[in-house]
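Below: one structure, written as structure tokens.
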Amino acid sequence: MTTQEATSSGDDMQIDRPAVPVANSEMAADEVFNPDHLKFYYGKLFPYADLYKWMCYGHDGKHPGCDQSYFSRREFSFTLENDIYLRFQSFNSVLELQNSIRNNCPFKIDIGPVYTVNPAKRHAYAQTGDNVFTPVERELVFDIDISDYDDVRYCCSGADVCLKCWPLMTAAIKVIDSALRDDFGFNHILWVFSGRRGVHCWVCDGKARRLTNEQRASVADYFRVYKGNENNQKVSLVGQALHPFLVKAYSEVLRDFFEDNVLLNQELFATEDRCENILNLVPDEATKSELRGKWQDNKRSSNVKDDVNSVRWGQLKHLLQSGKNKTKGLRRCVEEIVFTYTYPRLDMEVSKHMNHLLKAPFCVHPKTGMVCVPIDPNCSEEFDPTTVPTLSKLMEELNEGGLRSDADNDLGGTSLGKSISYFRSSFLQPLLKSCKEEIERSHHAKIQQTKNSMGW
Ligand SMILES: [Zn+2]
């Protein structure tokens, strides 16, 4: 029974239907976010029970191996209207969490680490000396932001995103997700739309949550292909042979994605400037001049049937991979160009530190009104950031469908329902199953240890 069900009356006829704020579909762009709608969302739609179940990792059960303090040691952080920031919030139950969110109506909810002690009581503990207030667990997280791709996308810039550049996020999800599963052996991975211009990844396996900061930095480093500072996005694929992970990323995702999508959608060779951007990645002057010459020629003899981007890319590839360039080490350059234009650009700092806050799934982005819904990595190409449920759309759907007393039915009738079902069936249920097994295993081991020490 969810808490939402618990708070509603059993008799359909007697229900006081909460008034659904009326959405105006002709609202101006800066009016897409309405605080009254947010109140309604937290009152009726936000999946508290699912969030709670997730954050308990099985420790809300009756098993003697459960750590009943686990959930209350987790930091939540709220950003209220007018940028008032409430850090180190913690709760003892789903009801406390729900009441606090409903009362505060936060514009943003962030999730922090699990600490040694309840973060709300950190000051009391800090003075005792032996109970140090420090993070002990945290999901391994990744943050990918489309604005970090501004030098390789020509359709949008900054916070803007469209269906031409969004596939860069899809490619990032594919590359990172398969490496996390195949190379690191993680299973419980949640991808979430950040509400505007990117994606977040939560790796929730026990062994991921217990990684130290140093180990997190190593994982982040594994994904790093950029040399020099973070702003210099030129990819340098050093060494005799590519790392198997990069070979796989290239051959299974990035090469085809570059040729079938980015090359044409972003029209990478459509102007002289864009051509020069690509030539800047070619370290040999003679080759560059030869290519410039060819491209001057095909500008004059342009054949409308052949896409200029495909033609020029073909010429570049042919020249760089030809026999005479073998010795000059230019063959690797084709791969470097593909990586530069398509390889995931991670905000490394977010991944490296346990105590970094990350926005909770199912928050609503205050600028777009979009709900931060999960993305299924198995069909991430089907995700469309322009049709994500928004607060005003959810209000409309509820107005059309009418509200029913049962919370799950409310959700089922909205576009949010699908996202919540996905969250439950593909992420939460398998996660909780493995948490339960882990709790049982470690409890059993503890008992065994006690037995052994007593026997000795
Ligand atoms: Zn775009």
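Labeling convention for the structure tokens: chains A, B, ... as they appear, residues from 1 per chain, ligands from 1 in order of appearance.
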
| Do you know which residues are within 12 Å of ligand 1 using only C-alpha atoms and all ligand atoms? Can you write them as a list in words? |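 Going residue by residue within 12 Å of ligand 1, we get Ile146, Ser147, Tyr149, Asp150, Val152, Arg153, Tyr154, Cys155, Cys156, Ser157, Gly158, Ala159, Asp160, Val161, Cys162, Leu163, Lys164, Cys165, Trp166, Pro167, Leu168, Met169, Arg197, Val262, Asn265, Gln266, Pro385 and Thr386 of chain A.
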
| request: Using DSSP on the backbone coordinates, identify the residues of range 36-162 of chain A assigned to helix (DSSP H, G or I); present them as JSON, numbers by chain. | output: {"A": [36, 37, 38, 39, 40, 41, 42, 43, 44, 45, 48, 49, 50, 51, 52, 53, 54, 55, 56, 71, 72, 73, 81, 82, 83, 94, 95, 96, 97, 98, 99, 100, 101, 102, 103, 104, 119, 120, 121, 122, 123, 124, 125, 126, 146, 147, 148, 149, 150, 151, 152]}

| CA of Arg210 in chain A and CA of Tyr422 in chain A, how far apart in Å? |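 About the pair CA of Tyr422 in chain A and CA of Arg210 in chain A: they are 25.9 Å apart.
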
Hey, could you make a per-residue contact list for range 163-187 of chain A against range 335-344 of chain A with 9 Å as the cut-off, showing the nearest pair of atoms and its distance in Å to one decimal, counting only C-alpha atoms, sorted by chain and number, as a Markdown table?
```
| residue | atom | partner | partner_atom | distance |
| --- | --- | --- | --- | --- |
| A:Leu168 | CA | A:Thr342 | CA | 6.4 |
| A:Met169 | CA | A:Pro344 | CA | 7.6 |
| A:Ala171 | CA | A:Thr342 | CA | 7.3 |
| A:Ala172 | CA | A:Pro344 | CA | 4.6 |
| A:Ile173 | CA | A:Pro344 | CA | 8.1 |
| A:Val175 | CA | A:Pro344 | CA | 7.5 |
| A:Ile176 | CA | A:Pro344 | CA | 7.7 |
```

Let's have the selection written as a JSON list (two decimals), in the first residue's frame, with N, CA and C atoms.
```
[["chain", "number", "residue", "atom", "x", "y", "z"],
["A", 168, "LEU", "N", 23.40, 13.04, -29.47],
["A", 168, "LEU", "CA", 24.71, 13.01, -28.80],
["A", 168, "LEU", "C", 24.57, 12.41, -27.40],
["A", 169, "MET", "N", 23.45, 12.72, -26.75],
["A", 169, "MET", "CA", 23.18, 12.16, -25.42],
["A", 169, "MET", "C", 22.89, 10.67, -25.51],
["A", 171, "ALA", "N", 24.06, 8.60, -27.74],
["A", 171, "ALA", "CA", 25.33, 7.90, -27.96],
["A", 171, "ALA", "C", 26.10, 7.80, -26.64],
["A", 172, "ALA", "N", 26.05, 8.87, -25.85],
["A", 172, "ALA", "CA", 26.76, 8.86, -24.56],
["A", 172, "ALA", "C", 26.18, 7.78, -23.65],
["A", 173, "ILE", "N", 24.86, 7.69, -23.61],
["A", 173, "ILE", "CA", 24.22, 6.68, -22.77],
["A", 173, "ILE", "C", 24.68, 5.28, -23.20],
["A", 175, "VAL", "N", 27.38, 4.29, -24.82],
["A", 175, "VAL", "CA", 28.79, 4.01, -24.57],
["A", 175, "VAL", "C", 29.04, 3.78, -23.08],
["A", 176, "ILE", "N", 28.55, 4.69, -22.25],
["A", 176, "ILE", "CA", 28.82, 4.60, -20.81],
["A", 176, "ILE", "C", 28.08, 3.40, -20.20]]
```

| message | Just want the 10 Å neighbourhood of Thr390 in chain A, counted on only C-alpha atoms, with same-chain residues fewer than 4 positions away dropped. Output as a ChimeraX atom specification. | response | /A:32-33,195,364-365,368-372,386,394-396,415-416

Let's have the selection written as a PDB file, in the first residue's frame, with N, CA and C atoms.
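Once everything was written out, this is selection.pdb:
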```pdb
ATOM      1  N   VAL A  32       5.904  28.279 -18.395  1.00  0.00           N
ATOM      2  CA  VAL A  32       5.664  26.843 -18.374  1.00  0.00           C
ATOM      3  C   VAL A  32       5.715  26.284 -16.963  1.00  0.00           C
ATOM      4  N   PHE A  33       6.411  26.973 -16.083  1.00  0.00           N
ATOM      5  CA  PHE A  33       6.520  26.465 -14.729  1.00  0.00           C
ATOM      6  C   PHE A  33       5.632  27.268 -13.800  1.00  0.00           C
ATOM      7  N   GLY A 195      15.957  17.158 -17.198  1.00  0.00           N
ATOM      8  CA  GLY A 195      14.872  18.138 -17.203  1.00  0.00           C
ATOM      9  C   GLY A 195      15.065  19.238 -18.218  1.00  0.00           C
ATOM     10  N   VAL A 364      10.918  18.323 -10.961  1.00  0.00           N
ATOM     11  CA  VAL A 364      10.447  19.080 -12.114  1.00  0.00           C
ATOM     12  C   VAL A 364      11.432  20.213 -12.349  1.00  0.00           C
ATOM     13  N   HIS A 365      11.890  20.336 -13.589  1.00  0.00           N
ATOM     14  CA  HIS A 365      12.840  21.416 -13.865  1.00  0.00           C
ATOM     15  C   HIS A 365      12.120  22.764 -13.844  1.00  0.00           C
ATOM     16  N   THR A 368      11.793  24.569 -17.395  1.00  0.00           N
ATOM     17  CA  THR A 368      11.066  23.927 -18.503  1.00  0.00           C
ATOM     18  C   THR A 368       9.746  23.299 -18.051  1.00  0.00           C
ATOM     19  N   GLY A 369       9.580  23.105 -16.755  1.00  0.00           N
ATOM     20  CA  GLY A 369       8.396  22.405 -16.250  1.00  0.00           C
ATOM     21  C   GLY A 369       8.416  20.921 -16.553  1.00  0.00           C
ATOM     22  N   MET A 370       9.549  20.421 -17.062  1.00  0.00           N
ATOM     23  CA  MET A 370       9.630  19.003 -17.433  1.00  0.00           C
ATOM     24  C   MET A 370       9.984  18.133 -16.236  1.00  0.00           C
ATOM     25  N   VAL A 371       9.380  16.959 -16.204  1.00  0.00           N
ATOM     26  CA  VAL A 371       9.688  16.008 -15.142  1.00  0.00           C
ATOM     27  C   VAL A 371      10.957  15.243 -15.515  1.00  0.00           C
ATOM     28  N   CYS A 372      11.835  15.061 -14.524  1.00  0.00           N
ATOM     29  CA  CYS A 372      13.087  14.334 -14.767  1.00  0.00           C
ATOM     30  C   CYS A 372      12.795  12.841 -14.775  1.00  0.00           C
ATOM     31  N   THR A 386      11.611  16.487 -26.315  1.00  0.00           N
ATOM     32  CA  THR A 386      10.590  17.510 -26.575  1.00  0.00           C
ATOM     33  C   THR A 386       9.186  17.019 -26.192  1.00  0.00           C
ATOM     34  N   LEU A 394       0.610  17.290 -17.513  1.00  0.00           N
ATOM     35  CA  LEU A 394       0.043  16.375 -16.518  1.00  0.00           C
ATOM     36  C   LEU A 394      -1.280  16.921 -15.975  1.00  0.00           C
ATOM     37  N   MET A 395      -1.335  18.246 -15.789  1.00  0.00           N
ATOM     38  CA  MET A 395      -2.587  18.860 -15.313  1.00  0.00           C
ATOM     39  C   MET A 395      -3.697  18.632 -16.336  1.00  0.00           C
ATOM     40  N   GLU A 396      -3.345  18.824 -17.601  1.00  0.00           N
ATOM     41  CA  GLU A 396      -4.334  18.614 -18.670  1.00  0.00           C
ATOM     42  C   GLU A 396      -4.848  17.186 -18.672  1.00  0.00           C
ATOM     43  N   SER A 415       0.917  10.607 -18.602  1.00  0.00           N
ATOM     44  CA  SER A 415       2.138  10.213 -19.303  1.00  0.00           C
ATOM     45  C   SER A 415       3.262   9.920 -18.309  1.00  0.00           C
ATOM     46  N   LEU A 416       3.080  10.325 -17.055  1.00  0.00           N
ATOM     47  CA  LEU A 416       4.080  10.019 -16.033  1.00  0.00           C
ATOM     48  C   LEU A 416       3.996   8.552 -15.622  1.00  0.00           C
TER      49      LEU A 416
END
```

| query | Which of these, A:Trp313, A:Phe186, A:Tyr222, A:Phe133, has the shortest distance to Leu246 in chain A once you count only C-alpha atoms? | reply |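 For Leu246 in chain A, the nearest of the given residues is A:Tyr222.
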
| Closest of A:Arg255, A:Ile101, A:Thr414, A:His243 to Ser392 in chain A - atom-to-atom distances counting only C-alpha atoms | A:Thr414

| query | Hey, what does DSSP flag as strand (DSSP E) within range 220-436 of chain A? Can you give it to me as a list in words? | reply |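 Here are the strand (DSSP E) residues of range 220-436 of chain A: Leu358, Lys359, Pro374 and Ile375 of chain A.
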
| said: Need the shell around Asn92 in chain A: protein/DNA/RNA residues with any atom at most 10 Å away, counting only C-alpha atoms. Skip same-chain ones fewer than 2 positions apart. Format as a ChimeraX atom specification? | reply: /A:68-74,90,94-97,118

Selection to disk with N, CA and C atoms, as a tab-separated table (two decimals), in the first residue's frame:
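This is the output file selection-v8.tsv:
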```tsv
chain	number	residue	atom	x	y	z
A	68	GLN	N	18.38	-0.25	10.39
A	68	GLN	CA	17.21	0.62	10.45
A	68	GLN	C	17.58	2.12	10.38
A	69	SER	N	18.83	2.43	10.62
A	69	SER	CA	19.23	3.85	10.57
A	69	SER	C	19.62	4.29	9.15
A	70	TYR	N	19.65	3.32	8.23
A	70	TYR	CA	20.23	3.59	6.91
A	70	TYR	C	19.58	4.79	6.20
A	71	PHE	N	18.27	4.76	6.08
A	71	PHE	CA	17.59	5.84	5.34
A	71	PHE	C	17.77	7.20	6.02
A	72	SER	N	17.75	7.20	7.35
A	72	SER	CA	17.83	8.48	8.07
A	72	SER	C	19.23	9.08	8.01
A	73	ARG	N	20.21	8.32	7.54
A	73	ARG	CA	21.56	8.89	7.41
A	73	ARG	C	21.81	9.47	6.01
A	74	ARG	N	20.81	9.44	5.17
A	74	ARG	CA	20.92	9.97	3.80
A	74	ARG	C	20.62	11.47	3.79
A	90	SER	N	17.17	15.28	6.59
A	90	SER	CA	17.11	13.82	6.69
A	90	SER	C	15.79	13.40	7.31
A	94	VAL	N	9.07	7.38	5.23
A	94	VAL	CA	8.55	7.93	3.99
A	94	VAL	C	7.55	9.04	4.28
A	95	LEU	N	6.85	8.92	5.40
A	95	LEU	CA	5.87	9.95	5.75
A	95	LEU	C	6.55	11.28	6.07
A	96	GLU	N	7.66	11.21	6.78
A	96	GLU	CA	8.42	12.43	7.09
A	96	GLU	C	8.94	13.08	5.80
A	97	LEU	N	9.44	12.22	4.91
A	97	LEU	CA	9.95	12.72	3.62
A	97	LEU	C	8.82	13.42	2.85
A	118	ASN	N	23.15	10.55	11.20
A	118	ASN	CA	22.07	11.38	10.66
A	118	ASN	C	22.57	12.81	10.39
```
